[in-house]
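Next comes final.tsv, a file with TSV, C-alpha atoms.
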```tsv
chain	number	residue	atom	x	y	z
S	257	MET	CA	-15.00	9.90	-14.98
S	258	LEU	CA	-16.62	6.47	-14.50
S	259	GLN	CA	-20.30	5.93	-15.19
S	260	ILE	CA	-21.89	2.54	-14.57
S	261	ASN	CA	-25.44	2.58	-15.89
S	262	HIS	CA	-27.85	-0.31	-15.18
S	263	LEU	CA	-25.11	-2.95	-15.33
S	264	VAL	CA	-26.29	-6.58	-15.45
S	265	LYS	CA	-24.01	-9.61	-15.49
S	266	THR	CA	-25.25	-13.18	-15.09
S	267	TYR	CA	-23.57	-16.54	-14.64
S	268	GLY	CA	-26.10	-19.18	-15.65
S	269	ASP	CA	-29.21	-18.51	-13.58
S	270	LYS	CA	-27.44	-16.26	-11.09
S	271	LYS	CA	-27.29	-12.48	-11.44
S	272	ALA	CA	-23.85	-11.56	-10.18
S	273	VAL	CA	-24.58	-7.87	-10.81
S	274	ASP	CA	-28.20	-6.74	-10.90
S	275	ASP	CA	-29.05	-3.33	-12.41
S	276	LEU	CA	-26.11	-1.51	-10.82
S	277	SER	CA	-25.63	2.22	-11.43
S	278	LEU	CA	-22.76	4.29	-9.97
S	279	HIS	CA	-21.06	7.53	-11.01
S	280	ILE	CA	-17.50	8.35	-9.90
S	281	GLN	CA	-16.39	11.94	-10.45
S	282	PRO	CA	-12.86	13.37	-10.90
S	283	GLY	CA	-11.23	14.02	-7.55
S	284	GLU	CA	-13.16	11.27	-5.75
S	285	ILE	CA	-11.93	8.22	-3.89
S	286	TYR	CA	-14.92	5.88	-4.17
S	287	GLY	CA	-15.05	2.75	-2.00
S	288	PHE	CA	-16.92	-0.39	-3.06
S	289	ILE	CA	-18.00	-2.57	-0.15
S	290	GLY	CA	-19.57	-6.03	-0.02
S	291	HIS	CA	-19.08	-9.57	1.26
S	292	ASN	CA	-17.34	-12.25	-0.79
S	293	GLY	CA	-19.49	-13.08	-3.80
S	294	ALA	CA	-21.45	-9.82	-3.63
S	295	GLY	CA	-20.44	-8.83	-7.17
S	296	LYS	CA	-17.55	-6.45	-6.52
S	297	THR	CA	-14.88	-8.14	-8.64
S	298	THR	CA	-17.36	-8.86	-11.43
S	299	THR	CA	-18.24	-5.16	-11.54
S	300	ILE	CA	-14.60	-4.11	-11.48
S	301	LYS	CA	-13.58	-6.49	-14.25
S	302	SER	CA	-16.53	-5.34	-16.36
S	303	CYS	CA	-15.40	-1.73	-15.93
S	304	CYS	CA	-11.89	-2.67	-17.09
S	305	GLY	CA	-13.10	-4.51	-20.20
S	306	ILE	CA	-11.97	-7.89	-18.87
S	307	LEU	CA	-15.49	-9.31	-18.60
S	308	GLN	CA	-18.31	-8.93	-21.04
S	309	PHE	CA	-21.65	-8.07	-19.46
S	310	ASP	CA	-25.24	-8.78	-20.44
S	311	SER	CA	-26.74	-5.29	-20.47
S	312	GLY	CA	-26.16	-1.76	-19.32
S	313	GLU	CA	-23.44	0.70	-20.18
S	314	ILE	CA	-20.04	1.61	-18.76
S	315	LEU	CA	-18.45	4.93	-19.74
S	316	ILE	CA	-14.91	5.97	-18.88
S	317	ASP	CA	-14.08	9.60	-19.50
S	318	GLY	CA	-17.12	9.69	-21.79
S	319	LYS	CA	-16.05	6.65	-23.83
S	320	SER	CA	-17.88	3.30	-23.94
S	321	ILE	CA	-15.89	0.31	-22.69
S	322	THR	CA	-17.65	-1.90	-25.23
S	323	LYS	CA	-17.46	0.43	-28.24
S	324	ASP	CA	-14.04	1.98	-27.60
S	325	PRO	CA	-12.10	-0.38	-25.29
S	326	LEU	CA	-8.66	0.90	-26.31
S	327	GLY	CA	-9.70	4.50	-25.77
S	328	CYS	CA	-10.95	3.59	-22.31
S	329	LYS	CA	-7.92	1.53	-21.38
S	330	SER	CA	-5.58	4.33	-22.42
S	331	VAL	CA	-6.89	6.51	-19.58
S	332	LEU	CA	-7.42	3.88	-16.87
S	333	ALA	CA	-5.27	1.60	-14.75
S	334	TYR	CA	-6.35	-1.64	-13.08
S	335	ILE	CA	-4.67	-3.16	-10.06
S	336	PRO	CA	-6.03	-6.63	-9.18
S	337	ASP	CA	-5.88	-8.10	-5.68
S	338	ASN	CA	-3.22	-10.58	-6.78
S	339	PRO	CA	-1.29	-9.00	-9.66
S	340	ASP	CA	0.14	-11.37	-12.27
S	341	LEU	CA	3.55	-10.00	-13.18
S	342	TYR	CA	6.22	-11.35	-15.52
S	343	GLU	CA	8.47	-12.88	-12.89
S	344	PHE	CA	11.34	-13.56	-15.31
S	345	MET	CA	11.77	-9.79	-15.63
S	346	SER	CA	13.38	-7.44	-13.14
S	347	GLY	CA	11.26	-4.70	-11.66
S	348	ILE	CA	12.74	-2.01	-13.91
S	349	GLN	CA	12.35	-4.20	-17.01
S	350	PHE	CA	8.67	-4.70	-16.23
S	351	LEU	CA	8.08	-0.97	-15.74
S	352	ASN	CA	9.82	-0.14	-19.00
S	353	PHE	CA	7.72	-2.81	-20.73
S	354	VAL	CA	4.51	-1.18	-19.45
S	355	ALA	CA	5.79	2.28	-20.38
S	356	ASP	CA	6.49	1.04	-23.92
S	357	ILE	CA	2.91	-0.23	-24.25
S	358	PHE	CA	1.51	3.18	-23.31
S	359	GLY	CA	4.05	5.15	-25.34
S	360	VAL	CA	5.55	6.97	-22.34
S	361	SER	CA	8.67	8.94	-23.25
S	362	ALA	CA	12.05	8.04	-21.80
S	363	ALA	CA	12.25	11.24	-19.76
S	364	ASP	CA	8.74	10.91	-18.35
S	365	ARG	CA	9.08	7.25	-17.41
S	366	GLN	CA	12.43	7.83	-15.74
S	367	GLU	CA	11.01	10.65	-13.61
S	368	ARG	CA	7.86	8.73	-12.66
S	369	ILE	CA	9.68	5.48	-11.86
S	370	ARG	CA	12.09	7.36	-9.62
S	371	ARG	CA	9.33	9.39	-7.93
S	372	TYR	CA	6.98	6.51	-7.20
S	373	GLY	CA	9.78	4.06	-6.50
S	374	ASP	CA	11.22	6.38	-3.87
S	375	MET	CA	7.77	7.09	-2.43
S	376	LEU	CA	6.94	3.38	-2.08
S	377	GLU	CA	10.51	2.47	-1.07
S	378	LEU	CA	11.08	0.09	-3.99
S	379	THR	CA	13.84	1.91	-5.91
S	380	ASP	CA	16.67	-0.13	-4.39
S	381	ASP	CA	14.99	-3.40	-5.47
S	382	MET	CA	14.25	-2.45	-9.09
S	383	ALA	CA	17.16	-4.48	-10.47
S	384	GLN	CA	16.05	-7.65	-8.68
S	385	PRO	CA	13.97	-10.30	-10.51
S	386	ILE	CA	10.28	-10.09	-9.70
S	387	SER	CA	10.40	-13.78	-8.76
S	388	ALA	CA	12.40	-12.72	-5.68
S	389	TYR	CA	9.81	-10.11	-4.61
S	390	SER	CA	7.49	-10.58	-1.65
S	391	HIS	CA	3.75	-10.17	-2.20
S	392	GLY	CA	3.94	-6.64	-0.81
S	393	MET	CA	6.78	-5.72	-3.16
S	394	LYS	CA	4.83	-7.10	-6.12
S	395	GLN	CA	1.85	-5.01	-5.06
S	396	LYS	CA	4.03	-1.89	-4.93
S	397	LEU	CA	5.42	-2.67	-8.39
S	398	ALA	CA	1.89	-3.10	-9.73
S	399	VAL	CA	0.96	0.32	-8.30
S	400	ILE	CA	3.95	1.99	-9.96
S	401	SER	CA	3.19	0.28	-13.28
S	402	ALA	CA	-0.40	1.53	-13.04
S	403	LEU	CA	0.70	5.12	-12.53
S	404	ILE	CA	3.39	5.25	-15.20
S	405	HIS	CA	1.04	6.61	-17.91
S	406	THR	CA	-0.71	9.06	-15.52
S	407	PRO	CA	-4.19	7.50	-15.82
S	408	LYS	CA	-7.30	9.58	-15.17
S	409	LEU	CA	-9.03	6.64	-13.48
S	410	ILE	CA	-7.53	3.93	-11.27
S	411	ILE	CA	-9.57	0.83	-10.45
S	412	MET	CA	-8.29	-1.38	-7.65
S	413	ASP	CA	-9.49	-4.68	-6.20
S	414	GLU	CA	-8.49	-5.04	-2.53
S	415	PRO	CA	-5.34	-2.91	-2.90
S	416	PHE	CA	-4.26	-3.20	0.76
S	417	VAL	CA	-4.07	-7.01	0.84
S	418	GLY	CA	-0.52	-8.12	1.66
S	419	LEU	CA	0.81	-4.63	2.39
S	420	ASP	CA	2.48	-3.91	5.72
S	421	PRO	CA	1.21	-0.92	7.77
S	422	LYS	CA	3.83	1.48	6.41
S	423	ALA	CA	3.16	0.50	2.78
S	424	SER	CA	-0.59	0.82	3.39
S	425	HIS	CA	-0.06	4.32	4.77
S	426	LEU	CA	2.06	5.29	1.76
S	427	LEU	CA	-0.55	3.94	-0.66
S	428	LYS	CA	-3.36	5.82	1.07
S	429	ARG	CA	-1.35	9.03	0.89
S	430	LEU	CA	-0.63	8.42	-2.78
S	431	MET	CA	-4.32	7.75	-3.52
S	432	ARG	CA	-5.32	11.06	-1.95
S	433	GLN	CA	-2.59	12.89	-3.86
S	434	ILE	CA	-3.77	11.44	-7.18
S	435	CYS	CA	-7.35	12.53	-6.57
S	436	ASP	CA	-6.29	15.97	-5.33
S	437	GLU	CA	-4.63	16.37	-8.74
S	438	GLY	CA	-7.90	15.55	-10.54
S	439	GLY	CA	-7.76	11.78	-10.88
S	440	ALA	CA	-10.44	9.36	-9.70
S	441	ILE	CA	-10.14	6.08	-7.81
S	442	PHE	CA	-12.68	3.26	-7.56
S	443	PHE	CA	-11.64	0.42	-5.27
S	444	SER	CA	-13.05	-2.52	-3.38
S	445	THR	CA	-12.01	-3.34	0.15
S	446	HIS	CA	-12.96	-5.41	3.16
S	447	VAL	CA	-11.10	-3.04	5.48
S	448	LEU	CA	-14.02	-0.88	6.54
S	449	GLU	CA	-11.99	1.34	8.88
S	450	VAL	CA	-9.74	2.32	5.97
S	451	ALA	CA	-12.71	3.00	3.71
S	452	GLU	CA	-14.38	5.16	6.34
S	453	LYS	CA	-11.31	7.35	6.80
S	454	LEU	CA	-10.14	7.45	3.19
S	455	CYS	CA	-13.17	7.54	0.91
S	456	ASP	CA	-15.14	10.55	-0.25
S	457	LYS	CA	-18.02	8.30	-1.29
S	458	VAL	CA	-18.91	4.66	-0.79
S	459	ALA	CA	-21.28	2.07	-2.24
S	460	ILE	CA	-22.45	-1.10	-0.50
S	461	ILE	CA	-23.46	-4.04	-2.70
S	462	LYS	CA	-25.23	-7.23	-1.64
S	463	GLY	CA	-26.22	-10.11	-3.88
S	464	GLY	CA	-25.37	-8.04	-6.93
S	465	LYS	CA	-27.72	-5.23	-5.92
S	466	LEU	CA	-26.76	-1.75	-4.77
S	467	MET	CA	-27.93	-1.36	-1.18
S	468	ARG	CA	-26.68	2.11	-0.35
S	469	SER	CA	-24.41	4.75	-1.89
S	470	GLY	CA	-23.39	8.36	-1.44
S	471	THR	CA	-20.98	10.43	0.60
S	472	MET	CA	-19.58	8.79	3.69
S	473	GLU	CA	-21.80	10.98	5.86
S	474	GLU	CA	-24.91	10.09	3.84
S	475	VAL	CA	-24.20	6.35	4.05
S	476	LYS	CA	-23.17	5.98	7.69
S	477	GLY	CA	-24.93	8.90	9.35
S	478	ASP	CA	-24.09	9.04	13.06
S	479	THR	CA	-22.95	5.41	13.20
S	480	SER	CA	-19.89	3.68	11.76
S	481	LEU	CA	-19.53	2.18	8.31
S	482	GLU	CA	-19.04	-1.21	9.94
S	483	GLU	CA	-22.37	-0.95	11.76
S	484	VAL	CA	-24.20	0.06	8.57
S	485	PHE	CA	-22.60	-2.78	6.64
S	486	LEU	CA	-23.43	-5.40	9.25
S	487	GLU	CA	-27.02	-4.12	9.51
S	488	LEU	CA	-27.48	-4.40	5.75
S	489	GLU	CA	-25.92	-7.86	5.74
S	490	GLU	CA	-28.39	-9.06	8.37
S	491	ASP	CA	-31.43	-7.80	6.45
S	492	LYS	CA	-33.07	-10.56	4.46
```
Written as structure tokens, that's how I'd like the structure from this file.
Amino acid sequence: MLQINHLVKTYGDKKAVDDLSLHIQPGEIYGFIGHNGAGKTTTIKSCCGILQFDSGEILIDGKSITKDPLGCKSVLAYIPDNPDLYEFMSGIQFLNFVADIFGVSAADRQERIRRYGDMLELTDDMAQPISAYSHGMKQKLAVISALIHTPKLIIMDEPFVGLDPKASHLLKRLMRQICDEGGAIFFSTHVLEVAEKLCDKVAIIKGGKLMRSGTMEEVKGDTSLEEVFLELEEDK
């Protein structure tokens, strides 16, 4: 579903991403772990077509993000860590705006907005202006807007930031449901306990380089993900 092949992205003399290769298959929740400045957000934005990169190839559902960006973006959804929403709109206006962009029918959008709104407990606030939303409510709205066109791939940057424990639980349950239905999720997080319990596979990046990747069992062995991460961070 997502193939990152030998990705390189530089800023001046610094390689933010250095020959990174990862493959995320349908049905997988794939965690992306690294300290601040490790290259996670640069990788994610490159996968979404937001950033141009120096070399390598990114394929989404078999399509190249550089050669067919619209084709790629039609089957993916991106949720940033701090979503920029049109705050002059109400929640329902924003969701209808997104649905219009993706050509979602009236019947389909109505059903999906109701389903995900009820699941994330946002339905009663849909008529309120987004400017009145808390950060957690904005994050929920961003999640619903990402799901409205039933994407095959969802890419998320720190999706649990600002969510209360109940909302985090609901989002984790929703992520598993999406992948059980054949979707794929690639997300970065600093919450290693969540990654360890939730992810099918995980990759650890340091200084733009891939340090370790594979199934959770392959990466952490008999220890914890936190111990593996800290050990890799200490290696010079």
**Asked** What gap, in Å, lies between CA of Asp420 in chain S and CA of His446 in chain S?
**Response**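 It comes out at 15.7 Å.
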**Asked** CA of Cys303 in chain S and CA of Phe443 in chain S, how far apart in Å?
**Response**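 For CA of Phe443 in chain S relative to CA of Cys303 in chain S, the distance reads 11.5 Å.
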**Selection near range 483-485 of chain S, 10 Å with all atoms listed in the file, sequence-local residues under 4 positions removed, as JSON, numbers by chain** = {"S": [289, 290, 291, 448, 460, 461, 462, 467, 468, 475, 476, 477, 479, 489, 490]}
**Asked** When you draw a straight line from CA of Leu397 in chain S to CA of Thr299 in chain S, how long is it in Å?
**Response**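 It comes out at 24.0 Å.
By chain and then residue number, the residues within 6 Å of range 272-286 of chain S are S:Met257, S:Leu258, S:Gln259, S:Ile260, S:Asn261, S:His262, S:Leu263, S:Val264, S:Lys265, S:Thr266, S:Gly295, S:Cys435, S:Asp436, S:Gly438, S:Gly439, S:Ala440, S:Ile441, S:Phe442, S:Cys455, S:Asp456, S:Lys457, S:Val458, S:Gly464, S:Lys465, counting all atoms listed in the file and disregarding those fewer than 3 positions away in sequence.
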Deliver the residues from the most recent selection as a file, using C-alpha atoms, as a PDB file, in the coordinates of the input.
```
ATOM      1  CA  MET S 257     -15.000   9.900 -14.980  1.00  0.00           C
ATOM      2  CA  LEU S 258     -16.620   6.470 -14.500  1.00  0.00           C
ATOM      3  CA  GLN S 259     -20.300   5.930 -15.190  1.00  0.00           C
ATOM      4  CA  ILE S 260     -21.890   2.540 -14.570  1.00  0.00           C
ATOM      5  CA  ASN S 261     -25.440   2.580 -15.890  1.00  0.00           C
ATOM      6  CA  HIS S 262     -27.850  -0.310 -15.180  1.00  0.00           C
ATOM      7  CA  LEU S 263     -25.110  -2.950 -15.330  1.00  0.00           C
ATOM      8  CA  VAL S 264     -26.290  -6.580 -15.450  1.00  0.00           C
ATOM      9  CA  LYS S 265     -24.010  -9.610 -15.490  1.00  0.00           C
ATOM     10  CA  THR S 266     -25.250 -13.180 -15.090  1.00  0.00           C
ATOM     11  CA  GLY S 295     -20.440  -8.830  -7.170  1.00  0.00           C
ATOM     12  CA  CYS S 435      -7.350  12.530  -6.570  1.00  0.00           C
ATOM     13  CA  ASP S 436      -6.290  15.970  -5.330  1.00  0.00           C
ATOM     14  CA  GLY S 438      -7.900  15.550 -10.540  1.00  0.00           C
ATOM     15  CA  GLY S 439      -7.760  11.780 -10.880  1.00  0.00           C
ATOM     16  CA  ALA S 440     -10.440   9.360  -9.700  1.00  0.00           C
ATOM     17  CA  ILE S 441     -10.140   6.080  -7.810  1.00  0.00           C
ATOM     18  CA  PHE S 442     -12.680   3.260  -7.560  1.00  0.00           C
ATOM     19  CA  CYS S 455     -13.170   7.540   0.910  1.00  0.00           C
ATOM     20  CA  ASP S 456     -15.140  10.550  -0.250  1.00  0.00           C
ATOM     21  CA  LYS S 457     -18.020   8.300  -1.290  1.00  0.00           C
ATOM     22  CA  VAL S 458     -18.910   4.660  -0.790  1.00  0.00           C
ATOM     23  CA  GLY S 464     -25.370  -8.040  -6.930  1.00  0.00           C
ATOM     24  CA  LYS S 465     -27.720  -5.230  -5.920  1.00  0.00           C
TER      25      LYS S 465
END
```
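Using all atoms listed in the file for every distance, the candidate list S:Val417, S:Glu437, S:Lys270, S:Val354 yields S:Lys270 as the residue closest to Gly293 in chain S.
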**Prompt:** Could you name the residues that touch Gly327 in chain S at 10 Å or less, counting only C-alpha atoms, but leaving out those on the same chain fewer than 6 positions away, as a ChimeraX atom specification?
**Reply:** /S:316-321
**Request:** Name all residues at most 9 Å from Met393 in chain S (count only C-alpha atoms; drop same-chain ones fewer than 6 positions away) and give them as a list in words.
**Result:** Leu378, Asp381, Ile386 and Leu419 of chain S
**Message:** With distances taken over only C-alpha atoms, which residue among S:Ser444, S:Ser424, S:Gln349, S:Ser480 lies nearest Met375 in chain S?
**Reply:**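 The shortest atom-to-atom distance to Met375 in chain S comes from S:Ser424.
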